[in-house]
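As C-alpha cells, the structure follows; a few thoughts come after it.
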Amino acid sequence: MNPQELKTIMGSGLLSFPLTDFDSNGDFNAQSYVKRLEWLAPYGASALFAAGGTGEFFSLTGEEYPGIIKTAVDTCRGVVPIIAGAGGPTRFAIQCAQAAEKAGAHGILLLPHYLTEAGQEGLAAHVEAVCKSVKFGVIVYNRASSRLKPETLAGLAERNPNLVGFKDGIGDIEAMVAIYQRMGDRFAYLGGLPTAEVYAAAYKAMGTPVYSSAVFNFIPKTAMDFYKAVAADDLKTQHHLLKTFFMPYLELRNRTPGYAVSIVKAGAKIVGHDAGPVRAPLTDLKPSEMEELKALIDALGPQ
C-alpha cells in the first residue's frame, strides 16, 4: 500500500487499536491475539493499529515487536489494513518502522519519544529520520511530549511525501484549528484522545470526523453505533450513550493513572475475550471496579 492509499483509508471510518495479548507470565500470547483480531476484524473498522498505545507499545521489547506486527498482518490480510505503532528513541523507532514495513504493515503511527523534552528542530529531525527510513505511509501522533507546530508540520510535509497523517492526542482546539487551516487536505486527520467518543462531535465540527476507539476492543457494536451517530449528526443517540455509558466509564477510567489501557483489558476480559494482564508499570482494575464496569457493559446489551 502506498502512502496515498493509506491517507485515503485514514480519511473516513472508525479506527481502533487492538489490545496486545499476554499470558499469565506477561509474555506475548500469539494464539489469543489471533483470536482477538479475527473477532474484531469483521465489525467494520477502517483499519486496526497493531502495537499502538492501547496495545502497550511502550512495554514491548525490540525482539517481540516484529512478531506481533507480522501476526496482525497475516491474520487480517485481505480483511482490514494493519497500521503499526512505532516510537521511542529515534533509532529504535526506525527499527520498528522498518520491521513493520518488512512484515507487510500498511503504514505506521509514529508514537512519541519518551522522557526527553525537545524543541521543534529536534522533533522535526526525529520525525524526518523515521519517514526517510521507510517507503510506506507515516502518521505522526501529537502528544504533550511531542507537540508539533503548524510551521514544523508544513516543513516536514514538504520534505517527506510519505508523511500523510496527523493524529491529535492533546485536545488543544486552537492548535488543532491552526494545524488544519495551515495543512488543509495535505494530511488525513485523526482524533486520538483517550475515549475519543467524548470529543468526536467537536472534532467533526472542525473538519476531523475520523477518530480511534479504544472501547471497540470490548463493545464493538456500540462503538460502531456511536460512530454512525456522529457521522449522521444523530445527537439523541450520542447523548444517550454518553450519559448511560461513556461518562460513567470515564469516571472509572480516571481513578488511577494508566487505567486508560487497563480498563480496556478489563472490558475485554468481561466480555469473554481476555487479553491477560497489563504489564508494569500499569496495574489492573480492582475486583470492585471490574464489577462496576461489568454493569455498564451489561446495560448495553449483546454486542
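Residues are named by chain letter and number: chains run A, B, ... in the order of the C-alpha cells, numbers start at 1 in each chain, and ligands are numbered from 1 in the order shown.
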
Subject >> Those in range 54-143 of chain A with alpha helix (DSSP H) from DSSP, as number ranges by chain >> reply: A: 65-76, 90-103, 120-132

Same residues, N, CA and C atoms, saved as an mmCIF file, in the first residue's frame:
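Below is the file that was written, out.cif:
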data_model
loop_
_atom_site.group_PDB
_atom_site.id
_atom_site.type_symbol
_atom_site.label_atom_id
_atom_site.label_comp_id
_atom_site.auth_asym_id
_atom_site.auth_seq_id
_atom_site.Cartn_x
_atom_site.Cartn_y
_atom_site.Cartn_z
ATOM 1 N N TYR A 65 8.480 -7.304 19.116
ATOM 2 C CA TYR A 65 7.694 -6.399 18.278
ATOM 3 C C TYR A 65 7.461 -6.927 16.857
ATOM 4 N N PRO A 66 8.496 -7.359 16.104
ATOM 5 C CA PRO A 66 8.241 -7.792 14.717
ATOM 6 C C PRO A 66 7.242 -8.937 14.626
ATOM 7 N N GLY A 67 7.292 -9.858 15.588
ATOM 8 C CA GLY A 67 6.366 -10.988 15.567
ATOM 9 C C GLY A 67 4.930 -10.569 15.809
ATOM 10 N N ILE A 68 4.740 -9.562 16.654
ATOM 11 C CA ILE A 68 3.386 -9.067 16.920
ATOM 12 C C ILE A 68 2.801 -8.446 15.662
ATOM 13 N N ILE A 69 3.598 -7.635 14.975
ATOM 14 C CA ILE A 69 3.109 -6.985 13.759
ATOM 15 C C ILE A 69 2.845 -8.014 12.671
ATOM 16 N N LYS A 70 3.742 -8.969 12.513
ATOM 17 C CA LYS A 70 3.547 -9.993 11.476
ATOM 18 C C LYS A 70 2.303 -10.822 11.761
ATOM 19 N N THR A 71 2.063 -11.127 13.029
ATOM 20 C CA THR A 71 0.862 -11.889 13.393
ATOM 21 C C THR A 71 -0.391 -11.113 13.005
ATOM 22 N N ALA A 72 -0.393 -9.810 13.273
ATOM 23 C CA ALA A 72 -1.549 -8.975 12.927
ATOM 24 C C ALA A 72 -1.751 -8.912 11.420
ATOM 25 N N VAL A 73 -0.673 -8.700 10.683
ATOM 26 C CA VAL A 73 -0.768 -8.593 9.219
ATOM 27 C C VAL A 73 -1.267 -9.899 8.619
ATOM 28 N N ASP A 74 -0.692 -11.009 9.039
ATOM 29 C CA ASP A 74 -1.075 -12.316 8.485
ATOM 30 C C ASP A 74 -2.524 -12.656 8.822
ATOM 31 N N THR A 75 -2.957 -12.303 10.020
ATOM 32 C CA THR A 75 -4.318 -12.635 10.447
ATOM 33 C C THR A 75 -5.361 -11.812 9.698
ATOM 34 N N CYS A 76 -5.051 -10.555 9.453
ATOM 35 C CA CYS A 76 -6.046 -9.631 8.879
ATOM 36 C C CYS A 76 -5.868 -9.401 7.387
ATOM 37 N N THR A 90 14.795 7.620 18.557
ATOM 38 C CA THR A 90 14.757 7.682 17.096
ATOM 39 C C THR A 90 15.250 6.395 16.450
ATOM 40 N N ARG A 91 16.387 5.886 16.897
ATOM 41 C CA ARG A 91 16.926 4.676 16.261
ATOM 42 C C ARG A 91 16.035 3.460 16.507
ATOM 43 N N PHE A 92 15.434 3.400 17.685
ATOM 44 C CA PHE A 92 14.502 2.300 17.956
ATOM 45 C C PHE A 92 13.237 2.460 17.123
ATOM 46 N N ALA A 93 12.753 3.690 16.993
ATOM 47 C CA ALA A 93 11.571 3.940 16.165
ATOM 48 C C ALA A 93 11.827 3.530 14.721
ATOM 49 N N ILE A 94 13.033 3.795 14.226
ATOM 50 C CA ILE A 94 13.396 3.391 12.864
ATOM 51 C C ILE A 94 13.401 1.868 12.750
ATOM 52 N N GLN A 95 13.977 1.191 13.725
ATOM 53 C CA GLN A 95 13.977 -0.274 13.720
ATOM 54 C C GLN A 95 12.553 -0.821 13.659
ATOM 55 N N CYS A 96 11.671 -0.230 14.456
ATOM 56 C CA CYS A 96 10.272 -0.681 14.465
ATOM 57 C C CYS A 96 9.607 -0.402 13.123
ATOM 58 N N ALA A 97 9.814 0.788 12.590
ATOM 59 C CA ALA A 97 9.195 1.155 11.314
ATOM 60 C C ALA A 97 9.640 0.216 10.206
ATOM 61 N N GLN A 98 10.921 -0.080 10.172
ATOM 62 C CA GLN A 98 11.438 -0.963 9.129
ATOM 63 C C GLN A 98 10.948 -2.396 9.322
ATOM 64 N N ALA A 99 10.844 -2.831 10.567
ATOM 65 C CA ALA A 99 10.311 -4.166 10.836
ATOM 66 C C ALA A 99 8.847 -4.264 10.426
ATOM 67 N N ALA A 100 8.084 -3.194 10.677
ATOM 68 C CA ALA A 100 6.672 -3.178 10.294
ATOM 69 C C ALA A 100 6.524 -3.211 8.783
ATOM 70 N N GLU A 101 7.358 -2.458 8.081
ATOM 71 C CA GLU A 101 7.308 -2.460 6.619
ATOM 72 C C GLU A 101 7.651 -3.844 6.079
ATOM 73 N N LYS A 102 8.655 -4.473 6.640
ATOM 74 C CA LYS A 102 9.057 -5.812 6.210
ATOM 75 C C LYS A 102 7.954 -6.828 6.473
ATOM 76 N N ALA A 103 7.226 -6.650 7.579
ATOM 77 C CA ALA A 103 6.156 -7.590 7.937
ATOM 78 C C ALA A 103 4.915 -7.417 7.072
ATOM 79 N N GLN A 120 11.350 22.274 18.501
ATOM 80 C CA GLN A 120 10.769 21.952 17.199
ATOM 81 C C GLN A 120 11.812 21.384 16.231
ATOM 82 N N GLU A 121 13.015 21.914 16.269
ATOM 83 C CA GLU A 121 14.061 21.418 15.362
ATOM 84 C C GLU A 121 14.374 19.958 15.643
ATOM 85 N N GLY A 122 14.478 19.606 16.910
ATOM 86 C CA GLY A 122 14.767 18.225 17.269
ATOM 87 C C GLY A 122 13.615 17.290 16.953
ATOM 88 N N LEU A 123 12.384 17.733 17.234
ATOM 89 C CA LEU A 123 11.219 16.921 16.919
ATOM 90 C C LEU A 123 11.122 16.673 15.416
ATOM 91 N N ALA A 124 11.391 17.720 14.631
ATOM 92 C CA ALA A 124 11.350 17.569 13.179
ATOM 93 C C ALA A 124 12.402 16.584 12.699
ATOM 94 N N ALA A 125 13.601 16.649 13.279
ATOM 95 C CA ALA A 125 14.665 15.726 12.889
ATOM 96 C C ALA A 125 14.274 14.284 13.211
ATOM 97 N N HIS A 126 13.618 14.080 14.343
ATOM 98 C CA HIS A 126 13.154 12.746 14.742
ATOM 99 C C HIS A 126 12.136 12.200 13.748
ATOM 100 N N VAL A 127 11.111 12.998 13.453
ATOM 101 C CA VAL A 127 10.064 12.557 12.528
ATOM 102 C C VAL A 127 10.646 12.308 11.136
ATOM 103 N N GLU A 128 11.493 13.207 10.689
ATOM 104 C CA GLU A 128 12.044 13.082 9.340
ATOM 105 C C GLU A 128 12.938 11.859 9.203
ATOM 106 N N ALA A 129 13.721 11.558 10.229
ATOM 107 C CA ALA A 129 14.580 10.373 10.173
ATOM 108 C C ALA A 129 13.755 9.105 10.009
ATOM 109 N N VAL A 130 12.633 9.032 10.708
ATOM 110 C CA VAL A 130 11.770 7.851 10.585
ATOM 111 C C VAL A 130 11.114 7.814 9.208
ATOM 112 N N CYS A 131 10.599 8.944 8.746
ATOM 113 C CA CYS A 131 9.956 8.995 7.424
ATOM 114 C C CYS A 131 10.913 8.532 6.324
ATOM 115 N N LYS A 132 12.158 8.979 6.398
ATOM 116 C CA LYS A 132 13.118 8.664 5.338
ATOM 117 C C LYS A 132 13.647 7.236 5.434
#

Subject >> 12 Å contact set for Pro257 in chain A, only C-alpha atoms, chain neighbours under 6 positions out, as a PyMOL selection string >> reply: chain A and resi 263+281-285

Write the selection just made, keeping N, CA, C and O atoms, as a PDB file, in the first residue's frame?
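Wrote again-v8.pdb, looks like this:
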ATOM      1  N   ILE A 263      -8.435  -0.421  31.749  1.00  0.00           N
ATOM      2  CA  ILE A 263      -9.884  -0.593  31.720  1.00  0.00           C
ATOM      3  C   ILE A 263     -10.331  -1.271  30.424  1.00  0.00           C
ATOM      4  O   ILE A 263     -11.337  -1.982  30.394  1.00  0.00           O
ATOM      5  N   PRO A 281       4.566  -0.604  34.109  1.00  0.00           N
ATOM      6  CA  PRO A 281       4.097  -0.052  35.385  1.00  0.00           C
ATOM      7  C   PRO A 281       2.582   0.105  35.501  1.00  0.00           C
ATOM      8  O   PRO A 281       2.106   0.683  36.476  1.00  0.00           O
ATOM      9  N   LEU A 282       1.815  -0.370  34.509  1.00  0.00           N
ATOM     10  CA  LEU A 282       0.361  -0.296  34.626  1.00  0.00           C
ATOM     11  C   LEU A 282      -0.129  -1.312  35.646  1.00  0.00           C
ATOM     12  O   LEU A 282       0.547  -2.301  35.943  1.00  0.00           O
ATOM     13  N   THR A 283      -1.330  -1.095  36.160  1.00  0.00           N
ATOM     14  CA  THR A 283      -1.947  -2.023  37.103  1.00  0.00           C
ATOM     15  C   THR A 283      -3.360  -2.346  36.634  1.00  0.00           C
ATOM     16  O   THR A 283      -4.019  -1.525  35.998  1.00  0.00           O
ATOM     17  N   ASP A 284      -3.802  -3.550  36.928  1.00  0.00           N
ATOM     18  CA  ASP A 284      -5.143  -3.980  36.538  1.00  0.00           C
ATOM     19  C   ASP A 284      -6.202  -3.392  37.467  1.00  0.00           C
ATOM     20  O   ASP A 284      -5.901  -2.988  38.607  1.00  0.00           O
ATOM     21  N   LEU A 285      -7.444  -3.352  36.973  1.00  0.00           N
ATOM     22  CA  LEU A 285      -8.545  -2.862  37.790  1.00  0.00           C
ATOM     23  C   LEU A 285      -8.750  -3.753  39.014  1.00  0.00           C
ATOM     24  O   LEU A 285      -8.490  -4.964  38.981  1.00  0.00           O
TER      25      LEU A 285
END

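Atom to atom, CA of Val164 in chain A and CA of Phe187 in chain A stand 5.0 Å apart.
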
**OP:** Go through range 40-213 of chain A and collect every residue that DSSP, computed from the backbone, puts in strand (DSSP E or B); the answer should be as an MDAnalysis selection string.
**Re:** chainID A and resid 47:50 82:86 107:110 137:142 163:168 188:191 211:213

**OP:** To one decimal in Å, tell me the separation between CA of Phe218 in chain A and CA of Gly267 in chain A.
**Re:** 5.6 Å

Subject >> Arg279 in chain A surroundings by only C-alpha atoms, 10 Å radius, close-in-sequence under 4 positions cut, as a PyMOL selection string >> reply: chain A and resi 22+25-27+56+58-60+262+283-284

Subject >> Residue neighbourhood Gly52 in chain A, 8 Å, only C-alpha atoms, exclusion window fewer than 4 positions, as a PyMOL selection string >> reply: chain A and resi 17-18+56-57+84-86+109+111

Output of the above residues as a CSV table (one decimal), in the first residue's frame, restricted to N, CA and C atoms:
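Final output, saved to result-v6.csv:
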chain,number,residue,atom,x,y,z
A,17,PHE,N,-7.5,0.4,18.1
A,17,PHE,CA,-6.2,-0.1,18.5
A,17,PHE,C,-6.4,-1.4,19.3
A,18,PRO,N,-6.3,-2.6,18.7
A,18,PRO,CA,-6.4,-3.8,19.5
A,18,PRO,C,-5.4,-3.9,20.6
A,56,GLU,N,-0.1,-1.4,24.3
A,56,GLU,CA,1.0,-1.3,25.2
A,56,GLU,C,2.3,-1.4,24.4
A,57,PHE,N,2.4,-0.6,23.4
A,57,PHE,CA,3.7,-0.5,22.6
A,57,PHE,C,4.9,-0.1,23.6
A,84,ALA,N,0.9,-0.1,12.1
A,84,ALA,CA,1.7,-0.5,13.2
A,84,ALA,C,2.1,0.7,14.0
A,85,GLY,N,2.1,0.6,15.3
A,85,GLY,CA,2.7,1.6,16.2
A,85,GLY,C,4.2,1.5,16.1
A,86,ALA,N,4.9,2.7,16.2
A,86,ALA,CA,6.4,2.7,16.3
A,86,ALA,C,6.7,4.0,17.0
A,109,LEU,N,2.0,4.5,12.8
A,109,LEU,CA,1.6,5.6,13.6
A,109,LEU,C,2.9,5.9,14.4
A,111,LEU,N,4.5,7.1,17.3
A,111,LEU,CA,4.3,7.5,18.7
A,111,LEU,C,5.4,8.3,19.3

Each residue of range 29-81 of chain A lying at most 9 Å from range 220-231 of chain A should get a row with its shortest atom-to-atom pair and the distance in Å to one decimal, counting only C-alpha atoms; could you produce that, ordered by chain and increasing number, as a tab-separated table?
residue	atom	partner	partner_atom	distance
A:Leu40	CA	A:Pro220	CA	7.3
A:Tyr43	CA	A:Pro220	CA	6.7
A:Gly44	CA	A:Met224	CA	7.6
A:Ala45	CA	A:Met224	CA	8.0

Original post:
With distances taken over only C-alpha atoms, which of A:Pro277, A:Pro150, A:Gly55, A:Gly78 is nearest to Ser16 in chain A?
Top reply: A:Gly55

**OP:** Using CA of Ser146 in chain A and CA of Pro112 in chain A as the two end points, give the distance in Å to one decimal.
**Re:** 5.8 Å

**OP:** Have a look at A:Asp233, A:Thr8, A:Pro3, A:Thr54 and name the one nearest to Asn160 in chain A; count only C-alpha atoms.
**Re:** A:Pro3

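Proximity of A:Ile139, A:Lys286, A:Gly87, A:Pro42 to Gly62 in chain A, computed with only C-alpha atoms, is greatest for A:Gly87.
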
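Minimum distance to Lys7 in chain A across A:Ala154, A:Ala105, A:Leu163, A:Val134 (counting only C-alpha atoms) occurs at A:Leu163.
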
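In terms of minimum interatomic distance to Val210 in chain A, A:Phe166 ranks closest within A:Phe166, A:Phe246, A:Tyr33, A:Phe136, counting only C-alpha atoms.
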